[in-house]
file my_file_19.cif (mmCIF, C-alpha atoms)
data_run
loop_
_atom_site.label_atom_id
_atom_site.label_comp_id
_atom_site.auth_asym_id
_atom_site.auth_seq_id
_atom_site.Cartn_x
_atom_site.Cartn_y
_atom_site.Cartn_z
CA MET T 852 93.35 126.38 21.27
CA ALA T 853 95.46 124.45 18.75
CA THR T 854 99.11 123.82 19.57
CA ASN T 855 101.85 124.12 16.96
CA THR T 856 105.27 122.47 16.89
CA VAL T 857 108.20 124.68 15.98
CA THR T 858 111.91 123.86 16.25
CA ASN T 859 115.05 125.92 16.15
CA TRP T 860 117.16 125.77 12.99
CA PHE T 861 119.15 122.75 14.16
CA GLY T 862 115.97 120.90 15.16
CA ASN T 863 116.73 119.95 18.76
CA ILE T 864 114.86 122.72 20.62
CA VAL T 865 111.12 122.24 20.34
CA SER T 866 108.50 124.88 21.06
CA HIS T 867 104.73 124.39 21.27
CA PRO T 868 103.15 127.82 20.83
CA ALA T 869 99.39 128.06 20.79
CA VAL T 870 99.64 130.62 17.98
CA VAL T 871 102.23 131.23 15.25
CA VAL T 872 101.78 134.57 13.51
CA GLU T 873 103.70 136.26 10.70
CA VAL T 874 104.10 140.02 11.05
CA ASN T 875 104.69 142.30 8.08
CA SER T 876 104.36 145.71 9.72
CA VAL T 877 104.65 147.59 12.99
CA ALA T 878 100.85 147.63 13.15
CA ASP T 879 100.85 143.82 13.07
CA ILE T 880 103.20 143.67 16.07
CA ILE T 881 101.11 146.18 18.02
CA ALA T 882 97.95 144.20 17.31
CA VAL T 883 99.54 140.98 18.62
CA LEU T 884 100.88 142.48 21.83
CA ARG T 885 97.62 144.29 22.69
CA ASP T 886 95.35 141.30 22.00
CA THR T 887 96.03 138.99 24.95
CA GLU T 888 92.92 136.88 24.27
CA ASN T 889 93.87 135.75 20.78
CA TYR T 890 97.65 135.97 21.26
CA PRO T 891 98.46 134.49 24.66
CA SER T 892 101.68 134.96 26.62
CA PRO T 893 104.56 134.42 26.37
CA VAL T 894 105.11 136.27 23.11
CA ARG T 895 108.49 135.54 21.54
CA ALA T 896 109.83 136.78 18.19
CA VAL T 897 112.25 134.80 16.02
CA GLY T 898 114.15 135.31 12.79
CA SER T 899 116.16 132.34 11.53
CA ASN T 900 115.78 130.71 14.98
CA HIS T 901 119.47 129.75 14.96
CA SER T 902 120.01 129.96 18.73
CA THR T 903 121.28 126.81 20.44
CA ALA T 904 119.44 127.73 23.67
CA PRO T 905 115.63 128.00 24.09
CA CYS T 906 115.41 131.80 23.76
CA GLY T 907 112.56 131.65 21.26
CA VAL T 908 110.47 128.96 22.94
CA ALA T 909 106.87 130.11 23.46
CA ASP T 910 105.12 127.07 24.96
CA GLY T 911 101.39 127.78 25.19
CA GLY T 912 101.98 131.32 23.96
CA THR T 913 102.53 133.21 20.72
CA LEU T 914 105.47 132.89 18.35
CA ILE T 915 106.04 135.86 16.06
CA ARG T 916 107.79 135.14 12.79
CA MET T 917 109.27 138.39 11.57
CA LYS T 918 108.73 139.09 7.86
CA MET T 919 110.09 142.64 7.83
CA ASN T 920 113.44 142.54 6.02
CA GLN T 921 113.84 145.76 4.05
CA ILE T 922 117.00 147.86 3.94
CA LEU T 923 115.75 151.34 4.80
CA ASN T 924 118.79 153.59 4.56
CA ILE T 925 122.52 153.46 3.81
CA GLY T 926 124.48 156.44 5.08
CA ARG T 927 128.15 157.37 5.00
CA ASP T 928 128.82 155.32 8.12
CA SER T 929 125.43 153.83 9.00
CA LEU T 930 122.95 151.20 7.88
CA THR T 931 119.28 151.12 8.91
CA VAL T 932 117.20 148.01 8.28
CA GLN T 933 114.07 146.22 9.37
CA ALA T 934 114.54 143.56 12.01
CA ASP T 935 114.37 140.48 9.78
CA ALA T 936 117.11 141.64 7.41
CA VAL T 937 119.89 139.04 7.58
CA HIS T 938 123.61 139.65 7.78
CA LEU T 939 124.67 137.96 4.58
CA ASP T 940 122.23 140.01 2.50
CA MET T 941 123.14 143.21 4.32
CA ALA T 942 126.87 142.58 3.85
CA LYS T 943 126.42 142.14 0.08
CA THR T 944 124.46 145.39 -0.12
CA LEU T 945 127.11 147.21 1.90
CA GLU T 946 129.84 145.88 -0.40
CA VAL T 947 128.09 147.33 -3.45
CA ASN T 948 128.20 150.67 -1.63
CA ASN T 949 131.90 150.26 -0.73
CA LEU T 950 131.04 149.68 2.94
CA GLN T 951 131.24 146.77 5.37
CA PHE T 952 130.23 145.67 8.85
CA TYR T 953 132.76 145.96 11.63
CA VAL T 954 131.92 142.37 12.63
CA ASN T 955 131.35 139.98 9.73
CA THR T 956 130.09 137.17 11.88
CA GLU T 957 130.00 133.60 10.57
CA ILE T 958 126.23 132.92 10.70
CA GLY T 959 124.85 134.65 7.64
CA SER T 960 121.23 134.08 8.67
CA LEU T 961 121.64 136.19 11.83
CA SER T 962 118.81 138.71 11.74
CA ALA T 963 119.24 142.36 12.67
CA GLY T 964 116.64 142.10 15.43
CA SER T 965 118.54 139.26 17.10
CA ALA T 966 121.92 140.96 16.65
CA ALA T 967 120.56 144.09 18.34
CA CYS T 968 119.53 142.37 21.57
CA ALA T 969 121.44 139.07 21.81
CA GLY T 970 125.04 137.89 22.06
CA THR T 971 127.25 136.90 19.16
CA LYS T 972 130.88 135.82 18.81
CA ASP T 973 133.73 136.72 16.53
CA ALA T 974 137.43 137.44 16.97
CA SER T 975 138.13 141.15 17.50
CA PHE T 976 140.31 143.18 15.21
CA PRO T 977 142.79 145.47 17.00
CA GLY T 978 140.95 148.46 18.42
CA GLU T 979 137.55 146.97 17.61
CA TYR T 980 134.88 144.88 19.32
CA GLY T 981 134.00 141.30 18.47
CA GLN T 982 130.24 141.35 19.11
CA VAL T 983 127.85 142.47 16.39
CA GLY T 984 125.53 144.31 18.79
CA SER T 985 128.34 146.59 19.94
CA TYR T 986 127.98 148.39 16.61
CA VAL T 987 124.20 148.70 16.84
CA THR T 988 123.60 152.39 17.53
CA GLY T 989 119.81 152.54 17.56
CA VAL T 990 116.64 150.47 17.69
CA LYS T 991 112.92 150.96 17.40
CA MET T 992 110.65 148.55 19.25
CA VAL T 993 107.08 147.83 20.23
CA LEU T 994 106.76 147.57 24.00
CA PRO T 995 104.58 144.88 25.63
CA SER T 996 101.89 147.55 26.12
CA GLY T 997 101.79 148.16 22.37
CA ASP T 998 103.45 151.56 22.70
CA LEU T 999 106.47 152.47 20.57
CA LEU T 1000 109.96 153.24 21.84
CA GLU T 1001 113.05 154.50 20.00
CA VAL T 1002 116.44 154.26 21.69
CA THR T 1003 119.76 155.56 20.35
CA GLU T 1004 123.27 155.29 21.68
CA GLU T 1005 123.73 159.03 21.33
CA ALA T 1006 120.66 159.98 23.38
CA GLN T 1007 120.37 157.04 25.83
CA PRO T 1008 123.70 155.17 26.04
CA ASP T 1009 122.87 153.45 29.36
CA LEU T 1010 119.58 152.07 28.07
CA MET T 1011 121.17 151.08 24.76
CA GLN T 1012 123.74 149.04 26.70
CA LYS T 1013 120.96 147.08 28.39
CA ILE T 1014 118.92 146.61 25.22
CA ARG T 1015 121.92 144.94 23.56
CA SER T 1016 121.54 142.08 26.06
CA SER T 1017 117.76 142.16 26.54
CA TYR T 1018 116.98 139.09 24.37
CA GLY T 1019 113.60 140.46 23.33
CA LEU T 1020 112.43 140.81 26.95
CA PHE T 1021 111.85 144.60 26.80
CA GLY T 1022 109.92 144.70 23.55
CA ILE T 1023 109.81 143.47 19.95
CA ILE T 1024 112.50 145.21 17.89
CA TYR T 1025 111.38 146.14 14.38
CA GLU T 1026 114.12 148.51 13.16
CA VAL T 1027 117.90 148.52 13.71
CA THR T 1028 120.67 150.99 12.89
CA TYR T 1029 124.32 149.86 12.64
CA LYS T 1030 127.55 151.79 12.58
CA VAL T 1031 129.47 150.60 9.51
CA ARG T 1032 132.88 151.36 8.03
CA PRO T 1033 134.51 151.77 4.60
CA LEU T 1034 135.16 148.51 2.77
CA THR T 1035 138.79 147.50 3.36
CA ARG T 1036 140.64 144.54 1.89
CA MET T 1037 141.79 141.91 4.38
CA HIS T 1038 144.73 139.54 4.78
CA VAL T 1039 144.22 136.01 6.11
CA HIS T 1040 146.54 133.10 6.83
CA HIS T 1041 146.63 130.03 9.06
CA LYS T 1042 149.29 128.34 11.15
CA THR T 1043 149.15 125.10 13.16
CA PHE T 1044 150.75 124.67 16.58
CA SER T 1045 151.01 121.91 19.12
CA LEU T 1046 149.21 122.82 22.35
CA GLU T 1047 152.54 123.46 24.09
CA ASP T 1048 153.90 125.60 21.27
CA PHE T 1049 150.67 127.61 21.06
CA ILE T 1050 150.78 128.42 24.76
CA ALA T 1051 154.46 129.35 24.59
CA ALA T 1052 153.88 131.56 21.54
CA LEU T 1053 150.66 133.22 22.78
CA PRO T 1054 152.28 136.41 24.17
CA GLU T 1055 154.11 136.89 20.88
CA LEU T 1056 150.98 136.15 18.84
CA LYS T 1057 148.98 138.75 20.74
CA ALA T 1058 151.73 141.32 20.11
CA LEU T 1059 151.40 140.80 16.35
CA ASN T 1060 148.03 142.62 16.46
CA TYR T 1061 146.09 140.16 14.34
CA SER T 1062 142.52 139.10 14.88
CA MET T 1063 142.71 135.47 16.06
CA MET T 1064 140.14 132.73 15.67
CA TYR T 1065 141.35 129.15 16.12
CA TYR T 1066 140.40 125.54 15.50
CA ILE T 1067 141.07 123.22 18.44
CA PHE T 1068 141.87 119.50 18.04
CA PRO T 1069 142.33 118.02 21.55
CA PHE T 1070 142.81 114.44 20.32
CA ASP T 1071 145.57 115.52 17.93
CA ASN T 1072 147.11 117.98 20.41
CA ARG T 1073 146.88 120.66 17.72
CA ILE T 1074 145.53 124.19 17.32
CA THR T 1075 145.25 125.95 13.96
CA VAL T 1076 145.05 129.72 14.25
CA GLU T 1077 143.26 131.91 11.71
CA PHE T 1078 145.06 135.27 11.55
CA ARG T 1079 143.26 138.25 10.01
CA LYS T 1080 144.18 141.91 9.58
CA TYR T 1081 143.08 144.75 7.35
CA ASN T 1082 145.28 145.32 4.32
CA PRO T 1083 144.31 148.66 2.73
CA GLU T 1084 147.36 148.46 0.45
CA ALA T 1085 145.91 145.49 -1.47
CA THR T 1086 145.01 146.22 -5.08
CA GLY T 1087 143.58 144.32 -8.01
CA GLU T 1088 140.89 141.67 -8.03
CA PRO T 1089 140.22 140.18 -4.57
CA ASN T 1090 140.64 136.48 -3.87
CA ARG T 1091 137.07 135.18 -3.57
CA SER T 1092 138.01 131.49 -3.44
CA ALA T 1093 139.91 131.37 -0.11
CA TRP T 1094 136.89 132.07 2.09
CA ALA T 1095 134.62 130.05 -0.20
CA LEU T 1096 136.75 126.96 0.46
CA ARG T 1097 136.87 127.60 4.20
CA ASN T 1098 133.12 128.18 4.36
CA HIS T 1099 132.32 125.07 2.32
CA ILE T 1100 134.34 122.79 4.60
CA TRP T 1101 133.31 124.52 7.81
CA GLY T 1102 129.64 124.98 6.95
CA GLN T 1103 128.89 121.98 4.71
CA SER T 1104 131.31 119.17 3.94
CA GLY T 1105 132.84 118.91 7.44
CA PRO T 1106 129.54 118.56 9.32
CA LYS T 1107 128.16 116.29 6.58
CA LEU T 1108 131.13 113.97 6.96
CA GLY T 1109 130.75 113.98 10.77
CA HIS T 1110 127.07 113.08 10.40
CA ASP T 1111 127.66 110.32 7.84
CA VAL T 1112 130.57 108.74 9.71
CA GLN T 1113 128.45 108.70 12.87
CA GLU T 1114 125.64 106.97 11.00
CA ASN T 1115 127.74 104.37 9.19
CA PHE T 1116 130.67 103.40 11.44
CA SER T 1117 129.77 101.94 14.82
CA ILE T 1118 133.32 101.04 15.90
CA PRO T 1119 134.75 104.13 17.65
CA SER T 1120 138.34 103.55 16.55
CA ILE T 1121 137.29 103.49 12.88
CA ARG T 1122 134.80 106.34 13.23
CA TYR T 1123 137.19 108.73 14.95
CA GLY T 1124 140.11 107.56 12.82
CA ILE T 1125 138.21 108.82 9.77
CA ILE T 1126 137.32 112.08 11.52
CA ASP T 1127 140.90 112.66 12.68
CA THR T 1128 142.20 112.02 9.15
CA PHE T 1129 139.70 114.51 7.77
CA ASN T 1130 140.73 117.06 10.40
CA ALA T 1131 144.40 116.64 9.47
CA ALA T 1132 143.54 117.30 5.81
CA TRP T 1133 141.41 120.28 6.91
CA ARG T 1134 144.41 121.78 8.73
CA LEU T 1135 146.57 121.41 5.62
CA GLN T 1136 143.96 123.11 3.45
CA LEU T 1137 143.62 125.98 5.90
CA GLU T 1138 147.38 126.51 5.94
CA ASN T 1139 147.96 126.17 2.21
CA LEU T 1140 144.77 127.31 0.50
CA VAL T 1141 142.93 129.67 2.86
CA SER T 1142 145.66 132.28 2.63
CA SER T 1143 145.62 135.60 0.82
CA ASP T 1144 146.64 139.24 1.13
CA ASN T 1145 143.54 140.42 -0.66
CA THR T 1146 140.11 139.21 0.47
CA ILE T 1147 136.74 140.84 1.13
CA PRO T 1148 135.70 140.80 4.83
CA GLY T 1149 132.08 139.94 4.04
CA ASP T 1150 133.18 136.76 2.28
CA GLN T 1151 133.71 135.21 5.73
CA ILE T 1152 129.94 135.10 6.25
CA ILE T 1153 128.46 131.67 5.58
CA HIS T 1154 125.19 131.05 3.77
CA TYR T 1155 123.11 128.45 5.60
CA PRO T 1156 119.93 126.97 4.08
CA ALA T 1157 116.66 128.15 5.56
CA VAL T 1158 115.84 124.54 6.46
CA SER T 1159 118.74 122.55 7.93
CA ASP T 1160 119.91 119.28 6.41
CA ASP T 1161 122.56 116.63 7.15
CA SER T 1162 125.28 119.29 7.10
CA ARG T 1163 123.83 121.10 10.11
CA TYR T 1164 125.79 121.43 13.33
CA THR T 1165 125.31 122.87 16.78
CA PHE T 1166 127.68 124.41 19.28
CA SER T 1167 128.25 125.96 22.69
CA LEU T 1168 130.48 128.66 24.17
CA PHE T 1169 132.24 129.75 27.33
CA ALA T 1170 134.67 132.66 27.53
CA PHE T 1171 137.62 132.93 29.95
CA PRO T 1172 139.95 135.77 31.00
CA GLU T 1173 142.84 135.61 28.54
CA GLU T 1174 145.47 135.63 31.28
CA GLU T 1175 143.98 132.39 32.66
CA TYR T 1176 143.44 130.78 29.27
CA PRO T 1177 146.71 128.84 28.87
CA ALA T 1178 146.10 126.86 32.07
CA ILE T 1179 142.41 126.34 31.29
CA LEU T 1180 143.08 125.19 27.72
CA THR T 1181 145.66 122.69 28.98
CA GLU T 1182 143.12 121.35 31.48
CA PHE T 1183 140.49 121.23 28.75
CA PHE T 1184 142.61 118.98 26.53
CA LYS T 1185 142.97 116.61 29.48
CA PHE T 1186 139.24 116.91 30.23
CA CYS T 1187 138.24 115.89 26.69
CA LYS T 1188 140.54 112.87 26.67
CA GLY T 1189 139.50 111.85 30.17
CA TYR T 1190 135.80 112.14 29.35
CA TYR T 1191 136.25 110.01 26.24
CA SER T 1192 138.18 107.41 28.22
CA GLN T 1193 135.48 107.23 30.93
CA LYS T 1194 132.27 107.78 28.95
CA GLY T 1195 133.20 106.79 25.41
CA TYR T 1196 132.04 110.16 24.05
CA ARG T 1197 133.81 112.83 22.01
CA SER T 1198 132.50 115.37 19.56
CA ASN T 1199 132.37 114.14 15.98
CA LEU T 1200 133.57 117.52 14.72
CA LEU T 1201 136.06 119.79 16.49
CA TYR T 1202 136.27 122.80 18.80
CA VAL T 1203 136.83 126.43 17.95
CA GLY T 1204 137.75 129.54 19.89
CA TYR T 1205 138.03 133.31 19.56
CA ARG T 1206 140.09 136.08 21.12
CA ILE T 1207 137.68 138.90 21.93
CA ALA T 1208 138.52 142.36 23.23
CA GLN T 1209 137.12 143.91 26.38
CA ASP T 1210 133.66 145.23 25.58
CA GLN T 1211 131.17 146.98 27.85
CA LYS T 1212 128.73 147.98 25.13
CA SER T 1213 126.37 145.24 26.31
CA LEU T 1214 125.38 144.77 29.95
CA LEU T 1215 125.87 140.99 29.70
CA SER T 1216 128.97 141.13 27.53
CA TYR T 1217 131.14 138.09 28.28
CA SER T 1218 134.23 140.32 27.86
CA TYR T 1219 132.92 143.07 30.14
CA ASP T 1220 135.81 142.75 32.60
CA GLY T 1221 138.67 142.33 30.11
CA ASN T 1222 139.91 140.46 27.05
CA VAL T 1223 138.70 136.87 26.80
CA MET T 1224 139.42 133.71 24.85
CA THR T 1225 136.76 131.08 24.29
CA ILE T 1226 136.31 127.32 24.04
CA ASP T 1227 133.43 126.37 21.77
CA PRO T 1228 132.55 122.66 21.26
CA VAL T 1229 130.96 121.90 17.88
CA SER T 1230 129.02 118.75 16.99
CA THR T 1231 126.24 117.28 14.91
CA ALA T 1232 124.74 116.37 18.32
CA ASN T 1233 126.08 112.83 18.08
CA PRO T 1234 124.78 110.51 20.86
CA GLY T 1235 126.11 111.69 24.22
CA TRP T 1236 126.44 115.36 23.17
CA PHE T 1237 123.96 116.80 25.64
CA GLU T 1238 125.23 114.72 28.56
CA TYR T 1239 128.74 115.91 27.63
CA LEU T 1240 127.58 119.54 27.65
CA ASP T 1241 126.29 119.22 31.21
CA VAL T 1242 129.78 118.23 32.36
CA TYR T 1243 131.47 120.75 30.06
CA ASN T 1244 129.26 123.53 31.47
CA GLN T 1245 130.30 122.69 35.01
CA PHE T 1246 133.97 122.43 33.99
CA CYS T 1247 133.77 125.94 32.53
CA SER T 1248 131.76 127.44 35.37
CA ASP T 1249 134.24 126.08 37.91
CA ARG T 1250 136.93 128.04 36.06
CA ASN T 1251 134.95 131.30 35.99
CA GLY T 1252 133.82 130.89 32.40
CA LYS T 1253 131.10 133.16 31.06
CA PRO T 1254 128.41 131.73 28.77
CA LEU T 1255 126.18 133.27 26.14
CA LEU T 1256 122.52 133.04 27.12
CA ASN T 1257 121.53 132.28 23.51
CA GLN T 1258 124.47 130.08 22.46
CA THR T 1259 125.31 127.96 25.52
CA PRO T 1260 122.88 125.03 25.80
CA GLY T 1261 122.03 123.54 29.19
CA LEU T 1262 122.55 126.69 31.24
CA THR T 1263 121.28 126.69 34.80
CA SER T 1264 120.34 129.65 36.94
CA ALA T 1265 123.31 128.93 39.19
CA ILE T 1266 125.80 129.07 36.29
CA ALA T 1267 124.25 132.27 34.90
CA GLN T 1268 124.18 133.92 38.32
CA LYS T 1269 127.80 133.02 39.00
CA ALA T 1270 128.87 134.40 35.64
CA TYR T 1271 126.96 137.68 35.68
CA GLY T 1272 125.82 138.32 39.26
CA ASP T 1273 124.59 141.88 39.80
CA ARG T 1274 124.48 142.59 36.07
CA LEU T 1275 121.92 139.82 35.63
CA LYS T 1276 119.86 141.31 38.47
CA THR T 1277 120.04 144.76 36.84
CA LEU T 1278 118.65 143.29 33.64
CA ALA T 1279 115.93 141.40 35.51
CA ASP T 1280 114.83 144.53 37.39
CA LEU T 1281 114.68 146.66 34.25
CA ARG T 1282 112.78 143.95 32.41
CA LYS T 1283 110.03 144.15 35.03
CA GLN T 1284 109.71 147.88 34.42
CA TYR T 1285 109.13 147.41 30.70
CA ASP T 1286 107.09 144.22 31.02
CA PRO T 1287 105.29 144.18 34.40
CA THR T 1288 102.78 141.56 33.20
CA ASP T 1289 105.47 139.18 31.88
CA ARG T 1290 104.05 139.38 28.39
CA LEU T 1291 107.40 138.46 26.80
CA LEU T 1292 108.89 136.24 29.51
CA ASN T 1293 109.20 132.55 28.70
CA ASP T 1294 110.19 129.79 31.12
CA TYR T 1295 113.82 129.78 30.01
CA PHE T 1296 114.43 133.39 30.94
CA ARG T 1297 112.18 133.16 33.98
CA THR T 1298 114.54 130.50 35.34
CA LEU T 1299 117.78 132.29 34.43
CA LEU T 1300 116.65 135.65 35.79
CA SER T 1301 115.04 134.35 38.97
#

call {"tool": "encode", "arguments": {"input": "my_file_19.cif", "output": "structure tokens"}}
result
Amino acid sequence: MATNTVTNWFGNIVSHPAVVVEVNSVADIIAVLRDTENYPSPVRAVGSNHSTAPCGVADGGTLIRMKMNQILNIGRDSLTVQADAVHLDMAKTLEVNNLQFYVNTEIGSLSAGSAACAGTKDASFPGEYGQVGSYVTGVKMVLPSGDLLEVTEEAQPDLMQKIRSSYGLFGIIYEVTYKVRPLTRMHVHHKTFSLEDFIAALPELKALNYSMMYYIFPFDNRITVEFRKYNPEATGEPNRSAWALRNHIWGQSGPKLGHDVQENFSIPSIRYGIIDTFNAAWRLQLENLVSSDNTIPGDQIIHYPAVSDDSRYTFSLFAFPEEEYPAILTEFFKFCKGYYSQKGYRSNLLYVGYRIAQDQKSLLSYSYDGNVMTIDPVSTANPGWFEYLDVYNQFCSDRNGKPLLNQTPGLTSAIAQKAYGDRLKTLADLRKQYDPTDRLLNDYFRTLLS
């Protein structure tokens, strides 16, 4: 049987499925899952394939490319779509109907099927969750047997909690229903702190009841915080340029500069001098230009090209209990500088982080036990990146960090088990009930769940 080569969006995770098949209907999915001769295991389904971990790898098996992207229904507080509908398109449609997502996550190519069963990240608004799947209230899927299953939060809340972290291991999701809310204007502003000032101000910043995402610059000893809150009092035409500027630098020009500087400047002092100068200018633009009392929440979502180019970037994530975060962040600044001094490696972009509220809507929620704050390295995968991540992963695990199974590269079974323990076992046991023949189980999840 012929072998295909498929990569994730960034291009660093390579899969060699024996078969790649596009599905346009539920009947197509059923036919694939029931025909084990022509569609060998493991069967994995992908949308934009944006994960930074090998969730969608189907070596020797069958890769399903979802081509079902229709919006099926818009209700007063709900949105029902096919699994390959992507968040940027859905957000635009909601806006026309004076509605919005609760979580307007950065990656616009996130598909509904992935959001329903995999982890995401975004800073929580007061009283709200920060993970897209927490607002998924129902799914329809094809089980490995080819039978159909519908699950709703109202009828089966316990099962819905597990599906939100099932990573396509229970069945292939083909329809998703979200809880949505009325469109509300939003305030945004930025402020830069030294590390010491940020830590000292953190209790006060939390009390302000803003959503907080932040850009971390260990080599400049700086943190720029993005503050967001709903502003229903705003009137008149919204500011559409503030988020457009932020998205252009964050999603295009910043990574492109990091890539080009890496390619053209071999002397580290010159290379990182250019990057640090760019980052300083980036902080000034965030503070002075990405500021408005009247923006549209969906404008935060970034459009990424279907095929990545020189502006692509990759990332990782670990989340920590917020009460332990000041000490861990201080150690992390020292860790980055020490690693660069010893190994000559540092990211050619920056780091980001999010404050995320306690959330038990997903079994493997990284904020299951309480509020968390994250440390997320970002890079164009400059030479030394993956070796750095191995050490970063251990640094985070040693400090009780919790990873995302789809957005933390280089995970080991030991790190996953330490982070999730009995909850990981619960997921593994339920997976066997829905998929006793391991039809959907690839090597990556076989290792993590063992």

call {"tool": "resolve_selection", "arguments": {"input": "my_file_19.cif", "expression": "the PyMOL selection byres ((chain T and resi 909-921) around 6)", "output": "number ranges by chain"}}
result
T: 866-875, 890-898, 908, 922-923, 932-933, 935-936

call {"tool": "closest_residue", "arguments": {"input": "my_file_19.cif", "among": "T:Phe1169, T:Ala1051, T:Val1203, T:Thr971", "to": "Ile1074 (chain T)", "atoms": "all atoms listed in the file"}}
result
T:Val1203

call {"tool": "atom_distance", "arguments": {"input": "my_file_19.cif", "atom1": "CA of Ala1058 (chain T)", "atom2": "CA of Ala942 (chain T)"}}
result
29.7 Å

call {"tool": "resolve_selection", "arguments": {"input": "my_file_19.cif", "expression": "the PyMOL selection byres ((chain T and resi 1075) around 10)", "output": "VMD selection string"}}
result
chain T and resid 1041 to 1046 1049 1064 to 1068 1073 to 1074 1076 to 1078 1133 to 1135 1137 to 1138 1203

call {"tool": "closest_residue", "arguments": {"input": "my_file_19.cif", "among": "T:Ser1104, T:Asn949, T:Gln1193, T:Ser1248", "to": "Thr1035 (chain T)", "atoms": "all atoms listed in the file"}}
result
T:Asn949

call {"tool": "atom_distance", "arguments": {"input": "my_file_19.cif", "atom1": "CA of Ala1178 (chain T)", "atom2": "CA of Val1229 (chain T)"}}
result
21.3 Å

call {"tool": "build_atoms", "arguments": {"input": "my_file_19.cif", "residues": "region 1147-1164 of chain T", "atoms": "N, CA and C atoms", "output": "PDB file, keeping the file's coordinate frame"}}
result
ATOM      1  N   ILE T1147     137.841 139.958   0.737  1.00  0.00           N
ATOM      2  CA  ILE T1147     136.740 140.840   1.130  1.00  0.00           C
ATOM      3  C   ILE T1147     136.194 140.373   2.470  1.00  0.00           C
ATOM      4  N   PRO T1148     136.135 141.241   3.492  1.00  0.00           N
ATOM      5  CA  PRO T1148     135.700 140.800   4.830  1.00  0.00           C
ATOM      6  C   PRO T1148     134.352 140.085   4.835  1.00  0.00           C
ATOM      7  N   GLY T1149     133.399 140.565   4.048  1.00  0.00           N
ATOM      8  CA  GLY T1149     132.080 139.940   4.040  1.00  0.00           C
ATOM      9  C   GLY T1149     132.052 138.525   3.512  1.00  0.00           C
ATOM     10  N   ASP T1150     133.132 138.124   2.807  1.00  0.00           N
ATOM     11  CA  ASP T1150     133.180 136.760   2.280  1.00  0.00           C
ATOM     12  C   ASP T1150     133.318 135.714   3.386  1.00  0.00           C
ATOM     13  N   GLN T1151     133.643 136.143   4.601  1.00  0.00           N
ATOM     14  CA  GLN T1151     133.710 135.210   5.730  1.00  0.00           C
ATOM     15  C   GLN T1151     132.329 134.687   6.128  1.00  0.00           C
ATOM     16  N   ILE T1152     131.292 135.434   5.807  1.00  0.00           N
ATOM     17  CA  ILE T1152     129.940 135.100   6.250  1.00  0.00           C
ATOM     18  C   ILE T1152     129.436 133.890   5.473  1.00  0.00           C
ATOM     19  N   ILE T1153     128.880 132.923   6.194  1.00  0.00           N
ATOM     20  CA  ILE T1153     128.460 131.670   5.580  1.00  0.00           C
ATOM     21  C   ILE T1153     126.953 131.683   5.300  1.00  0.00           C
ATOM     22  N   HIS T1154     126.608 131.230   4.108  1.00  0.00           N
ATOM     23  CA  HIS T1154     125.190 131.050   3.770  1.00  0.00           C
ATOM     24  C   HIS T1154     124.725 129.680   4.287  1.00  0.00           C
ATOM     25  N   TYR T1155     123.720 129.691   5.130  1.00  0.00           N
ATOM     26  CA  TYR T1155     123.110 128.450   5.600  1.00  0.00           C
ATOM     27  C   TYR T1155     121.711 128.340   5.006  1.00  0.00           C
ATOM     28  N   PRO T1156     121.283 127.127   4.645  1.00  0.00           N
ATOM     29  CA  PRO T1156     119.930 126.970   4.080  1.00  0.00           C
ATOM     30  C   PRO T1156     118.874 127.318   5.120  1.00  0.00           C
ATOM     31  N   ALA T1157     117.741 127.781   4.642  1.00  0.00           N
ATOM     32  CA  ALA T1157     116.660 128.150   5.560  1.00  0.00           C
ATOM     33  C   ALA T1157     116.198 126.956   6.387  1.00  0.00           C
ATOM     34  N   VAL T1158     116.197 125.774   5.763  1.00  0.00           N
ATOM     35  CA  VAL T1158     115.840 124.540   6.460  1.00  0.00           C
ATOM     36  C   VAL T1158     117.111 123.693   6.557  1.00  0.00           C
ATOM     37  N   SER T1159     117.482 123.280   7.751  1.00  0.00           N
ATOM     38  CA  SER T1159     118.740 122.550   7.930  1.00  0.00           C
ATOM     39  C   SER T1159     118.651 121.154   7.324  1.00  0.00           C
ATOM     40  N   ASP T1160     119.835 120.617   6.997  1.00  0.00           N
ATOM     41  CA  ASP T1160     119.910 119.280   6.410  1.00  0.00           C
ATOM     42  C   ASP T1160     121.008 118.491   7.129  1.00  0.00           C
ATOM     43  N   ASP T1161     121.555 117.473   6.498  1.00  0.00           N
ATOM     44  CA  ASP T1161     122.560 116.630   7.150  1.00  0.00           C
ATOM     45  C   ASP T1161     123.903 117.325   7.363  1.00  0.00           C
ATOM     46  N   SER T1162     124.050 118.546   6.858  1.00  0.00           N
ATOM     47  CA  SER T1162     125.280 119.290   7.100  1.00  0.00           C
ATOM     48  C   SER T1162     125.127 120.269   8.266  1.00  0.00           C
ATOM     49  N   ARG T1163     124.026 120.176   8.998  1.00  0.00           N
ATOM     50  CA  ARG T1163     123.830 121.100  10.110  1.00  0.00           C
ATOM     51  C   ARG T1163     124.743 120.719  11.274  1.00  0.00           C
ATOM     52  N   TYR T1164     125.020 121.690  12.105  1.00  0.00           N
ATOM     53  CA  TYR T1164     125.790 121.430  13.330  1.00  0.00           C
ATOM     54  C   TYR T1164     125.311 122.377  14.416  1.00  0.00           C
TER      55      TYR T1164
END
